[in-house]
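Structure below is run38.cif: mmCIF, C-alpha atoms.
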data_target
loop_
_atom_site.label_atom_id
_atom_site.label_comp_id
_atom_site.auth_asym_id
_atom_site.auth_seq_id
_atom_site.Cartn_x
_atom_site.Cartn_y
_atom_site.Cartn_z
CA MET A 27 0.00 0.00 0.00
CA SER A 28 1.59 3.25 -1.09
CA PRO A 29 2.06 6.36 1.08
CA ALA A 30 -0.09 8.26 -1.39
CA ALA A 31 -2.94 5.90 -0.73
CA THR A 32 -2.92 6.04 3.03
CA GLY A 33 -0.89 8.89 4.35
CA GLY A 34 -0.16 11.58 1.80
CA ARG A 35 3.27 12.63 0.58
CA GLY A 36 2.97 10.47 -2.53
CA GLY A 37 5.64 10.30 -5.23
CA THR A 38 3.93 12.75 -7.58
CA ALA A 39 4.38 15.60 -5.12
CA ARG A 40 8.14 15.28 -5.44
CA LYS A 41 8.20 16.59 -9.02
CA VAL A 42 9.15 20.26 -8.99
CA ALA A 43 7.42 22.46 -11.55
CA PRO A 44 10.00 24.29 -13.74
CA TRP A 45 8.65 27.76 -12.91
CA ILE A 46 9.27 27.17 -9.20
CA LEU A 47 12.97 26.78 -9.85
CA ALA A 48 12.96 29.74 -12.23
CA CYS A 49 11.65 31.93 -9.41
CA GLY A 50 15.09 31.72 -7.83
CA PHE A 51 16.57 33.78 -10.67
CA LEU A 52 14.04 36.62 -10.42
CA LEU A 53 14.24 37.74 -6.79
CA CYS A 54 14.11 41.45 -6.07
CA SER A 55 12.29 43.15 -3.10
CA SER A 56 10.08 42.41 -0.06
CA VAL A 57 6.37 42.92 0.74
CA LEU A 58 4.31 41.96 3.81
CA PHE A 59 0.62 41.03 3.43
CA LEU A 60 -2.06 41.63 6.09
CA GLY A 61 -5.81 40.92 6.06
CA ALA A 62 -8.75 39.00 7.54
CA GLU A 63 -8.83 35.59 9.22
CA GLY A 64 -8.19 32.05 8.02
CA ALA A 65 -8.22 28.58 9.56
CA ILE A 66 -5.65 25.84 9.92
CA GLY A 67 -5.98 22.08 9.87
CA VAL A 68 -3.46 19.27 10.28
CA ASN A 69 -3.19 16.00 8.35
CA TYR A 70 -3.49 12.94 10.59
CA GLY A 71 -1.22 10.41 8.92
CA MET A 72 -0.99 6.92 10.36
CA ILE A 73 1.94 5.20 8.64
CA ALA A 74 3.58 4.28 11.92
CA ASN A 75 3.43 1.56 14.57
CA ASN A 76 3.96 3.74 17.64
CA LEU A 77 1.30 6.47 17.51
CA PRO A 78 -1.00 7.43 20.38
CA THR A 79 -4.54 6.06 20.38
CA PRO A 80 -7.06 8.09 18.36
CA ASP A 81 -8.82 9.47 21.45
CA LYS A 82 -5.52 10.91 22.68
CA VAL A 83 -4.72 12.30 19.23
CA ILE A 84 -8.06 14.09 18.91
CA ALA A 85 -7.61 15.44 22.44
CA MET A 86 -4.33 16.94 21.19
CA TYR A 87 -6.17 18.63 18.31
CA LYS A 88 -8.61 20.17 20.79
CA ALA A 89 -5.91 21.22 23.26
CA ASN A 90 -3.91 22.90 20.49
CA LYS A 91 -6.98 24.65 19.02
CA ILE A 92 -6.55 22.95 15.63
CA SER A 93 -9.69 23.70 13.64
CA TYR A 94 -9.63 20.88 11.08
CA VAL A 95 -8.28 17.36 10.59
CA ARG A 96 -7.66 15.53 7.33
CA LEU A 97 -7.91 11.74 7.27
CA PHE A 98 -6.39 9.93 4.29
CA HIS A 99 -8.66 6.93 4.70
CA PRO A 100 -11.75 6.04 6.76
CA ASP A 101 -11.10 4.89 10.33
CA THR A 102 -14.17 4.36 12.49
CA THR A 103 -12.17 4.59 15.72
CA VAL A 104 -10.91 8.04 14.75
CA LEU A 105 -14.35 9.11 13.58
CA THR A 106 -15.82 7.97 16.90
CA ALA A 107 -13.23 10.07 18.75
CA LEU A 108 -14.26 13.08 16.63
CA ARG A 109 -17.92 12.92 17.67
CA GLY A 110 -19.09 16.14 19.25
CA THR A 111 -15.72 17.90 18.99
CA GLY A 112 -16.70 20.45 16.34
CA ILE A 113 -13.43 19.75 14.53
CA GLY A 114 -13.96 19.92 10.77
CA VAL A 115 -13.11 16.63 9.05
CA VAL A 116 -11.78 15.99 5.55
CA LEU A 117 -12.42 12.29 4.92
CA GLY A 118 -10.50 10.53 2.17
CA THR A 119 -11.01 7.29 0.29
CA LEU A 120 -8.19 4.86 -0.32
CA ASN A 121 -6.70 5.27 -3.78
CA GLU A 122 -7.13 1.55 -4.35
CA ASP A 123 -10.89 1.93 -3.82
CA LEU A 124 -11.31 4.51 -6.58
CA ALA A 125 -12.01 2.10 -9.44
CA HIS A 126 -14.63 0.27 -7.38
CA LEU A 127 -16.24 3.53 -6.21
CA ALA A 128 -16.35 4.75 -9.82
CA SER A 129 -17.85 1.63 -11.35
CA ASP A 130 -20.18 0.34 -8.64
CA GLU A 131 -22.89 2.53 -7.14
CA SER A 132 -23.66 -0.13 -4.52
CA PHE A 133 -20.04 -0.03 -3.32
CA ALA A 134 -20.24 3.76 -3.01
CA ALA A 135 -23.49 3.37 -1.07
CA SER A 136 -21.85 0.83 1.25
CA TRP A 137 -18.87 3.16 1.77
CA VAL A 138 -21.15 6.03 2.77
CA ALA A 139 -23.25 3.72 4.96
CA SER A 140 -20.11 2.56 6.79
CA TYR A 141 -18.10 5.74 7.18
CA VAL A 142 -20.37 8.76 6.82
CA LYS A 143 -24.00 8.04 7.66
CA PRO A 144 -23.35 6.66 11.20
CA PHE A 145 -21.37 9.78 12.11
CA ALA A 146 -23.35 12.48 10.29
CA GLY A 147 -24.54 15.16 12.67
CA ALA A 148 -22.09 14.23 15.43
CA VAL A 149 -19.04 14.67 13.19
CA THR A 150 -18.54 17.85 11.16
CA PHE A 151 -17.60 16.64 7.69
CA ARG A 152 -16.08 19.43 5.59
CA TYR A 153 -15.24 17.46 2.46
CA ILE A 154 -14.91 13.92 1.18
CA THR A 155 -11.93 13.38 -1.10
CA ALA A 156 -11.98 10.73 -3.82
CA GLY A 157 -8.31 9.78 -3.95
CA ASN A 158 -5.07 11.62 -3.26
CA GLU A 159 -2.52 12.63 -5.93
CA VAL A 160 -3.70 10.18 -8.61
CA ILE A 161 -3.84 12.72 -11.49
CA PRO A 162 -2.11 12.26 -13.89
CA GLY A 163 -2.03 8.48 -13.79
CA ASP A 164 -4.02 5.35 -14.45
CA LEU A 165 -6.40 6.00 -11.56
CA GLY A 166 -7.11 9.57 -12.61
CA THR A 167 -9.99 8.69 -14.94
CA HIS A 168 -11.85 7.13 -11.99
CA VAL A 169 -11.91 10.31 -9.90
CA LEU A 170 -14.90 12.11 -11.43
CA PRO A 171 -17.12 8.98 -11.69
CA ALA A 172 -16.23 8.16 -8.07
CA ILE A 173 -17.18 11.67 -6.99
CA ARG A 174 -20.54 11.37 -8.74
CA ASN A 175 -21.29 7.97 -7.18
CA ILE A 176 -20.35 9.17 -3.70
CA GLU A 177 -22.57 12.20 -4.15
CA THR A 178 -25.46 9.96 -5.20
CA ALA A 179 -24.88 7.76 -2.15
CA LEU A 180 -24.77 10.76 0.19
CA LYS A 181 -28.07 12.05 -1.19
CA ALA A 182 -29.70 8.64 -0.83
CA ALA A 183 -28.46 8.44 2.76
CA GLY A 184 -29.90 11.86 3.56
CA VAL A 185 -26.49 13.44 4.14
CA THR A 186 -26.39 16.99 2.80
CA GLY A 187 -23.89 19.83 2.69
CA VAL A 188 -20.73 17.72 2.29
CA PRO A 189 -18.84 18.55 -0.92
CA VAL A 190 -17.03 15.69 -2.67
CA THR A 191 -13.72 16.48 -4.37
CA THR A 192 -10.15 15.18 -4.75
CA ALA A 193 -6.62 16.23 -3.82
CA VAL A 194 -3.96 16.80 -6.48
CA ALA A 195 -0.21 17.44 -6.48
CA THR A 196 1.37 20.29 -8.43
CA SER A 197 2.48 17.68 -10.97
CA VAL A 198 -0.90 18.32 -12.66
CA LEU A 199 0.71 21.51 -13.99
CA GLY A 200 2.59 21.53 -17.28
CA VAL A 201 3.26 25.10 -18.37
CA SER A 202 3.78 26.70 -15.00
CA TYR A 203 6.05 29.75 -15.15
CA PRO A 204 5.29 32.51 -14.61
CA PRO A 205 2.26 31.74 -12.40
CA SER A 206 -0.08 33.72 -14.63
CA GLN A 207 0.83 31.49 -17.60
CA ALA A 208 0.32 28.19 -15.78
CA ALA A 209 -1.80 25.47 -17.37
CA PHE A 210 -2.54 21.81 -16.83
CA SER A 211 -0.17 19.38 -18.52
CA GLU A 212 -1.12 17.37 -21.60
CA ALA A 213 -1.28 14.27 -19.42
CA SER A 214 -3.55 15.78 -16.78
CA ALA A 215 -5.73 18.17 -18.81
CA PRO A 216 -8.14 15.52 -20.18
CA VAL A 217 -9.03 14.63 -16.57
CA MET A 218 -8.57 18.00 -14.89
CA ALA A 219 -10.63 20.11 -17.31
CA PRO A 220 -13.94 18.24 -16.83
CA LEU A 221 -13.14 17.73 -13.14
CA VAL A 222 -12.70 21.43 -12.31
CA ALA A 223 -15.75 22.31 -14.41
CA TYR A 224 -17.80 19.81 -12.43
CA LEU A 225 -16.47 20.98 -9.07
CA SER A 226 -17.23 24.57 -10.03
CA SER A 227 -20.81 23.65 -10.95
CA LYS A 228 -21.20 22.03 -7.51
CA LYS A 229 -19.45 24.91 -5.69
CA ALA A 230 -16.99 22.36 -4.30
CA PRO A 231 -13.30 23.26 -3.89
CA LEU A 232 -10.30 21.54 -5.44
CA LEU A 233 -7.70 20.41 -2.90
CA VAL A 234 -4.05 21.04 -3.81
CA ASN A 235 -0.89 19.79 -2.07
CA VAL A 236 1.69 22.61 -1.94
CA TYR A 237 5.35 21.96 -0.98
CA PRO A 238 7.88 24.79 -1.40
CA TYR A 239 10.37 22.61 0.48
CA PHE A 240 10.97 20.29 -2.49
CA ALA A 241 11.66 23.21 -4.83
CA TYR A 242 14.18 24.63 -2.38
CA ALA A 243 15.81 21.26 -1.74
CA ALA A 244 16.17 20.65 -5.49
CA GLU A 245 17.89 23.98 -6.21
CA PRO A 246 19.10 25.64 -2.98
CA GLU A 247 21.60 27.74 -4.96
CA THR A 248 18.84 29.47 -6.92
CA VAL A 249 15.76 29.35 -4.67
CA GLN A 250 16.11 31.78 -1.79
CA LEU A 251 15.51 30.14 1.60
CA GLY A 252 13.49 33.06 2.98
CA TYR A 253 11.24 33.01 -0.10
CA ALA A 254 10.52 29.30 0.43
CA LEU A 255 10.01 29.74 4.20
CA LEU A 256 7.48 32.62 3.89
CA ALA A 257 9.90 34.65 6.01
CA GLY A 258 8.14 37.83 4.93
CA SER A 259 5.12 36.73 6.98
CA SER A 260 7.16 36.97 10.18
CA ALA A 261 7.78 40.33 11.80
CA THR A 262 10.72 38.86 13.74
CA SER A 263 12.47 36.98 10.94
CA LYS A 264 16.05 38.04 10.23
CA ILE A 265 16.17 36.12 6.94
CA LYS A 266 16.36 38.32 3.88
CA VAL A 267 13.25 38.02 1.69
CA SER A 268 13.08 39.17 -1.91
CA SER A 269 10.19 38.98 -4.32
CA VAL A 270 9.14 37.69 -7.73
CA THR A 271 7.18 39.94 -10.08
CA ASP A 272 4.67 38.47 -12.54
CA GLY A 273 3.09 41.23 -14.56
CA GLY A 274 1.52 43.55 -12.01
CA LEU A 275 1.58 40.98 -9.21
CA VAL A 276 4.35 40.73 -6.62
CA TYR A 277 5.11 37.43 -4.87
CA THR A 278 7.04 37.48 -1.60
CA ASN A 279 6.81 33.74 -0.98
CA MET A 280 6.72 30.53 -2.97
CA PHE A 281 3.58 29.26 -1.24
CA ASP A 282 1.49 32.01 -2.88
CA ALA A 283 3.23 31.60 -6.22
CA ILE A 284 2.53 27.87 -6.36
CA LEU A 285 -1.08 28.39 -5.34
CA ASP A 286 -1.61 31.12 -7.93
CA ALA A 287 -0.13 28.91 -10.64
CA ALA A 288 -2.86 26.40 -9.75
CA HIS A 289 -5.43 29.22 -9.78
CA ALA A 290 -4.31 30.25 -13.27
CA ALA A 291 -4.47 26.68 -14.59
CA VAL A 292 -7.98 26.22 -13.20
CA GLU A 293 -9.11 29.49 -14.75
CA LYS A 294 -7.61 28.58 -18.14
CA ALA A 295 -9.58 25.33 -17.96
CA GLY A 296 -12.74 27.44 -17.69
CA ALA A 297 -13.49 27.13 -13.96
CA GLN A 298 -13.51 30.79 -12.99
CA GLY A 299 -13.74 31.36 -9.24
CA LEU A 300 -13.18 27.74 -8.21
CA GLU A 301 -11.92 27.71 -4.62
CA LEU A 302 -8.61 26.00 -3.89
CA VAL A 303 -7.87 24.47 -0.50
CA VAL A 304 -4.27 23.67 0.45
CA SER A 305 -4.72 20.09 1.62
CA GLU A 306 -1.05 19.49 2.45
CA THR A 307 1.95 21.69 3.12
CA GLY A 308 4.91 21.23 5.39
CA TRP A 309 8.67 21.17 5.92
CA PRO A 310 10.80 18.32 7.32
CA SER A 311 12.71 18.85 10.56
CA GLY A 312 15.31 16.16 9.87
CA GLY A 313 16.21 13.17 7.76
CA GLY A 314 19.32 14.55 6.12
CA GLY A 315 17.69 16.52 3.31
CA THR A 316 18.88 19.97 2.21
CA GLY A 317 17.34 22.56 4.54
CA ALA A 318 15.61 19.87 6.62
CA THR A 319 16.22 21.34 10.08
CA VAL A 320 14.11 21.95 13.16
CA GLU A 321 14.67 25.69 12.79
CA ASN A 322 13.47 25.80 9.18
CA ALA A 323 10.49 23.53 9.84
CA ALA A 324 9.42 25.67 12.79
CA ALA A 325 9.79 28.84 10.74
CA TYR A 326 7.86 27.47 7.75
CA ASN A 327 4.89 26.03 9.61
CA ASN A 328 4.49 29.01 11.95
CA ASN A 329 4.74 31.36 8.98
CA VAL A 330 2.11 29.37 7.07
CA ILE A 331 -0.24 29.56 10.06
CA ARG A 332 0.34 33.30 10.35
CA HIS A 333 -0.15 33.82 6.62
CA ALA A 334 -3.38 31.82 6.52
CA ALA A 335 -4.68 33.58 9.62
CA SER A 336 -4.07 36.98 8.07
CA GLY A 337 -6.73 36.29 5.45
CA ALA A 338 -4.59 38.16 2.92
CA GLY A 339 -5.12 35.51 0.28
CA THR A 340 -2.72 35.45 -2.68
CA PRO A 341 -1.74 38.18 -5.15
CA ARG A 342 -4.09 36.66 -7.74
CA ARG A 343 -6.93 36.37 -5.22
CA PRO A 344 -6.31 39.03 -2.58
CA GLY A 345 -8.48 39.06 0.53
CA LYS A 346 -9.62 35.45 0.02
CA ALA A 347 -8.49 33.46 3.03
CA VAL A 348 -6.87 30.12 2.13
CA GLU A 349 -7.97 27.08 4.11
CA THR A 350 -4.72 25.26 4.81
CA TYR A 351 -3.75 21.85 6.24
CA LEU A 352 -0.26 21.28 7.60
CA PHE A 353 1.47 17.96 7.00
CA ALA A 354 1.56 16.23 9.41
CA MET A 355 0.55 15.66 13.02
CA PHE A 356 3.28 13.10 13.80
CA ASN A 357 6.64 11.84 12.63
CA GLU A 358 5.75 8.47 11.07
CA ASN A 359 8.34 5.72 11.43
CA GLN A 360 7.00 3.46 8.67
CA LYS A 361 7.41 6.05 5.93
CA PRO A 362 10.47 5.73 3.65
CA GLU A 363 13.69 6.59 5.49
CA GLY A 364 14.93 10.17 5.20
CA THR A 365 12.90 13.37 5.26
CA GLU A 366 9.61 11.50 4.78
CA GLN A 367 9.77 10.37 8.41
CA HIS A 368 10.29 13.91 9.71
CA PHE A 369 7.34 16.04 8.62
CA GLY A 370 5.57 15.71 11.98
CA LEU A 371 4.74 18.56 14.32
CA PHE A 372 4.77 16.09 17.21
CA GLN A 373 6.71 13.00 18.19
CA PRO A 374 4.76 9.76 18.75
CA ASP A 375 5.14 10.33 22.51
CA MET A 376 3.03 13.49 21.96
CA SER A 377 5.90 15.89 22.70
CA ALA A 378 6.31 18.79 20.27
CA VAL A 379 9.10 18.58 17.71
CA TYR A 380 9.19 22.40 17.95
CA PRO A 381 6.78 25.08 19.20
CA VAL A 382 3.82 25.80 16.89
CA ASP A 383 1.39 28.64 17.57
CA PHE A 384 -1.90 27.22 16.31
CA ALA A 385 -3.77 30.02 18.11
CA ALA A 386 -2.57 32.37 15.37
CA GLY A 387 -4.94 30.55 13.03
CA SER A 388 -8.03 30.84 15.21
CA TYR A 389 -8.62 34.52 15.88
#
Reformat the file's structure so that it appears as structure tokens.
Amino acid sequence: MSPAATGGRGGTARKVAPWILACGFLLCSSVLFLGAEGAIGVNYGMIANNLPTPDKVIAMYKANKISYVRLFHPDTTVLTALRGTGIGVVLGTLNEDLAHLASDESFAASWVASYVKPFAGAVTFRYITAGNEVIPGDLGTHVLPAIRNIETALKAAGVTGVPVTTAVATSVLGVSYPPSQAAFSEASAPVMAPLVAYLSSKKAPLLVNVYPYFAYAAEPETVQLGYALLAGSSATSKIKVSSVTDGGLVYTNMFDAILDAAHAAVEKAGAQGLELVVSETGWPSGGGGTGATVENAAAYNNNVIRHAASGAGTPRRPGKAVETYLFAMFNENQKPEGTEQHFGLFQPDMSAVYPVDFAAGSY
């Protein structure tokens, strides 16, 4: 079972879009954004054999004032622990279930009957995601039919107000620099174009996994560390931050630039105004990778929280708060060795890897 299927951080997210690297050559000056409020969630990955029990984990979410949780696959024990908490839940399907969900309405009905209907009302479902990072790829064609079948099953079960969508990596982008010129790749466009049109018609968001870390790690000589760390979002940061200019828009961090490239691609596909949710973002605190330090991870994740909480949005969509999910709650010891095991905010013993101010995301 792949990490992409059960715990995020799949292989497709590792591909770095060419424009991201090009940003390193175009750095100039600094800007600080301010605005309204946003909310922060954290991905609850489970690829480990030493994690706390779900009731203790959900208690940690509550104690740390984390607004949302994303689950990569259904787990009734976790869902039971979430009853009555008010924590918003993004519930994912296993990637290996996509073909069955797409082709068999009765399987979709059974899935909803097992994992949604018994918890509806007591658990606050924000979205259901049909697959994670499967576009482009062989499973990609199953995403939209699976979404439709899950929607039909939800309606039949009397569950309303829960959008069904999917999560994609930035590898769906082909032309991608500058952000305003971004477009879906030839491989992903046949799936992404009808998908974003459908999501737009349903007023459901598209979830996007955004990782400046991998761009920085691939080309640390050309991608400025402060630009990747959102250092301009911190009033106390001593790291120099420059900017990238794209037409009349100024980008002071890579997070916004990546997100606006996705915005541009969605708009070029005809889905004007489609909301994007950042379903994963994070920075490793160890594992031997370039820039993978506790200091950088702490800076990145705290800056992301601060940026989301500001409600500033992105240069392409100013003033539109970006719902954002950090990856991940814990260091997971059954991930591949290296940085993949070090994206956690907490150790399995529930101690913090570094201080994180979640309160900044819940004004």
request  = Pull out every residue that the PyMOL selection byres ((chain A and resi 83-90) around 12) matches in the shown coordinates and put them as a ChimeraX atom specification.
outcome  = /A:66-72,77-82,91-97,103-115,355-356,371-378,381-388
query = For the atom pair atom CA of A:Tyr237 and atom CA of A:Phe281, what is the interatomic distance in Å to one decimal place?
reply = 7.5 Å
query = From the set A:Val292, A:Leu120, A:Val348, A:Ala338, which residue has the shortest atom-to-atom contact distance to A:Pro220, counting only C-alpha atoms?
reply =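 Between A:Val292, A:Leu120, A:Val348, A:Ala338, the residue approaching A:Pro220 most closely is A:Val292.
Residues matched by the PyMOL selection byres ((chain A and resi 129) around 12) in this structure: Asp123, Leu124, Ala125, His126, Leu127, Ala128, Asp130, Glu131, Ser132, Phe133, Ala134, Ala135, Thr167, His168, Val169, Leu170, Pro171, Ala172, Ile173, Arg174, Asn175 and Ile176 of chain A.
Of the residues listed (A:Ser206, A:Gln250, A:Ser311, A:Ser305), A:Gln250 shows the shortest atom-to-atom separation from A:Asn279; distances use all atoms listed in the file.
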ask   = What does the distance from atom CA of A:Gly314 to atom CA of A:Val379 come to in Å, to one decimal?
value =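 Computing the Euclidean distance for atom CA of A:Gly314 and atom CA of A:Val379 yields 16.0 Å.
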ask   = Any chance you could work out the residue set of the PyMOL selection byres ((chain A and resi 207-211) around 10) here, as a PyMOL selection string?
value = chain A and resi 45+162+196-206+212-219+272+284+286-295
Next, write the just-selected residues to a file, as a PDB file, in the coordinates of the input, keeping C-alpha atoms as the atom set.
ATOM      1  CA  TRP A  45       8.650  27.760 -12.910  1.00  0.00           C
ATOM      2  CA  PRO A 162      -2.110  12.260 -13.890  1.00  0.00           C
ATOM      3  CA  THR A 196       1.370  20.290  -8.430  1.00  0.00           C
ATOM      4  CA  SER A 197       2.480  17.680 -10.970  1.00  0.00           C
ATOM      5  CA  VAL A 198      -0.900  18.320 -12.660  1.00  0.00           C
ATOM      6  CA  LEU A 199       0.710  21.510 -13.990  1.00  0.00           C
ATOM      7  CA  GLY A 200       2.590  21.530 -17.280  1.00  0.00           C
ATOM      8  CA  VAL A 201       3.260  25.100 -18.370  1.00  0.00           C
ATOM      9  CA  SER A 202       3.780  26.700 -15.000  1.00  0.00           C
ATOM     10  CA  TYR A 203       6.050  29.750 -15.150  1.00  0.00           C
ATOM     11  CA  PRO A 204       5.290  32.510 -14.610  1.00  0.00           C
ATOM     12  CA  PRO A 205       2.260  31.740 -12.400  1.00  0.00           C
ATOM     13  CA  SER A 206      -0.080  33.720 -14.630  1.00  0.00           C
ATOM     14  CA  GLU A 212      -1.120  17.370 -21.600  1.00  0.00           C
ATOM     15  CA  ALA A 213      -1.280  14.270 -19.420  1.00  0.00           C
ATOM     16  CA  SER A 214      -3.550  15.780 -16.780  1.00  0.00           C
ATOM     17  CA  ALA A 215      -5.730  18.170 -18.810  1.00  0.00           C
ATOM     18  CA  PRO A 216      -8.140  15.520 -20.180  1.00  0.00           C
ATOM     19  CA  VAL A 217      -9.030  14.630 -16.570  1.00  0.00           C
ATOM     20  CA  MET A 218      -8.570  18.000 -14.890  1.00  0.00           C
ATOM     21  CA  ALA A 219     -10.630  20.110 -17.310  1.00  0.00           C
ATOM     22  CA  ASP A 272       4.670  38.470 -12.540  1.00  0.00           C
ATOM     23  CA  ILE A 284       2.530  27.870  -6.360  1.00  0.00           C
ATOM     24  CA  ASP A 286      -1.610  31.120  -7.930  1.00  0.00           C
ATOM     25  CA  ALA A 287      -0.130  28.910 -10.640  1.00  0.00           C
ATOM     26  CA  ALA A 288      -2.860  26.400  -9.750  1.00  0.00           C
ATOM     27  CA  HIS A 289      -5.430  29.220  -9.780  1.00  0.00           C
ATOM     28  CA  ALA A 290      -4.310  30.250 -13.270  1.00  0.00           C
ATOM     29  CA  ALA A 291      -4.470  26.680 -14.590  1.00  0.00           C
ATOM     30  CA  VAL A 292      -7.980  26.220 -13.200  1.00  0.00           C
ATOM     31  CA  GLU A 293      -9.110  29.490 -14.750  1.00  0.00           C
ATOM     32  CA  LYS A 294      -7.610  28.580 -18.140  1.00  0.00           C
ATOM     33  CA  ALA A 295      -9.580  25.330 -17.960  1.00  0.00           C
TER      34      ALA A 295
END
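Counting all atoms listed in the file and comparing A:Glu349, A:Glu301, A:Glu366, A:Glu247, the residue that lies closest to A:Ala318 is A:Glu366.
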ask   = Which residues come within 7 Å of stretch 136-145 of chain A, counting all atoms listed in the file, excluding same-chain residues fewer than 4 positions away, as a ChimeraX atom specification?
value = /A:100,102,132,149,179-180,183,185
Can you pull out the residues contacting A:Tyr253? Cut-off 7 Å, using all atoms listed in the file, and skip same-chain residues under 6 positions away; I want them as a compact mmCIF listing (two decimals) with C-alpha atoms, in the frame of the given file.
# COMPACT_ATOMS: atom_id res chain seq x y z
CA VAL A 267 13.25 38.02 1.69
CA SER A 268 13.08 39.17 -1.91
CA THR A 278 7.04 37.48 -1.60
CA ASN A 279 6.81 33.74 -0.98
CA MET A 280 6.72 30.53 -2.97
query = What is the distance, in Å and to one decimal place, between atom CA of A:Ser336 and atom CA of A:Val194?
reply = 24.9 Å
Any chance you could model all heavy atoms for stretch 142-147 of chain A and send them as a compact mmCIF listing (two decimals), keeping the file's coordinate frame?
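File part-v1.txt, as written:
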# COMPACT_ATOMS: atom_id res chain seq x y z
N VAL A 142 -19.82 7.41 6.75
CA VAL A 142 -20.37 8.76 6.82
C VAL A 142 -21.70 8.80 7.57
O VAL A 142 -21.85 9.52 8.56
CB VAL A 142 -20.54 9.37 5.41
CG1 VAL A 142 -21.06 10.80 5.52
CG2 VAL A 142 -19.21 9.35 4.65
N LYS A 143 -22.65 8.01 7.09
CA LYS A 143 -24.00 8.04 7.66
C LYS A 143 -24.01 7.85 9.18
O LYS A 143 -24.71 8.59 9.89
CB LYS A 143 -24.87 6.99 6.97
CG LYS A 143 -26.29 6.88 7.52
CD LYS A 143 -27.09 8.16 7.29
CE LYS A 143 -28.55 7.96 7.67
NZ LYS A 143 -29.34 9.21 7.56
N PRO A 144 -23.27 6.88 9.75
CA PRO A 144 -23.35 6.66 11.20
C PRO A 144 -22.81 7.83 12.02
O PRO A 144 -23.10 7.94 13.22
CB PRO A 144 -22.49 5.41 11.42
CG PRO A 144 -22.39 4.75 10.10
CD PRO A 144 -22.42 5.86 9.11
N PHE A 145 -22.02 8.69 11.38
CA PHE A 145 -21.37 9.78 12.11
C PHE A 145 -21.95 11.16 11.76
O PHE A 145 -21.61 12.16 12.40
CB PHE A 145 -19.87 9.77 11.81
CG PHE A 145 -19.22 8.46 12.17
CD1 PHE A 145 -19.02 7.48 11.20
CD2 PHE A 145 -18.83 8.19 13.47
CE1 PHE A 145 -18.44 6.26 11.53
CE2 PHE A 145 -18.25 6.98 13.81
CZ PHE A 145 -18.05 6.01 12.85
N ALA A 146 -22.79 11.20 10.74
CA ALA A 146 -23.35 12.48 10.29
C ALA A 146 -24.13 13.13 11.43
O ALA A 146 -24.89 12.48 12.14
CB ALA A 146 -24.26 12.26 9.08
N GLY A 147 -23.90 14.43 11.59
CA GLY A 147 -24.54 15.16 12.67
C GLY A 147 -23.63 15.30 13.87
O GLY A 147 -23.43 16.39 14.40
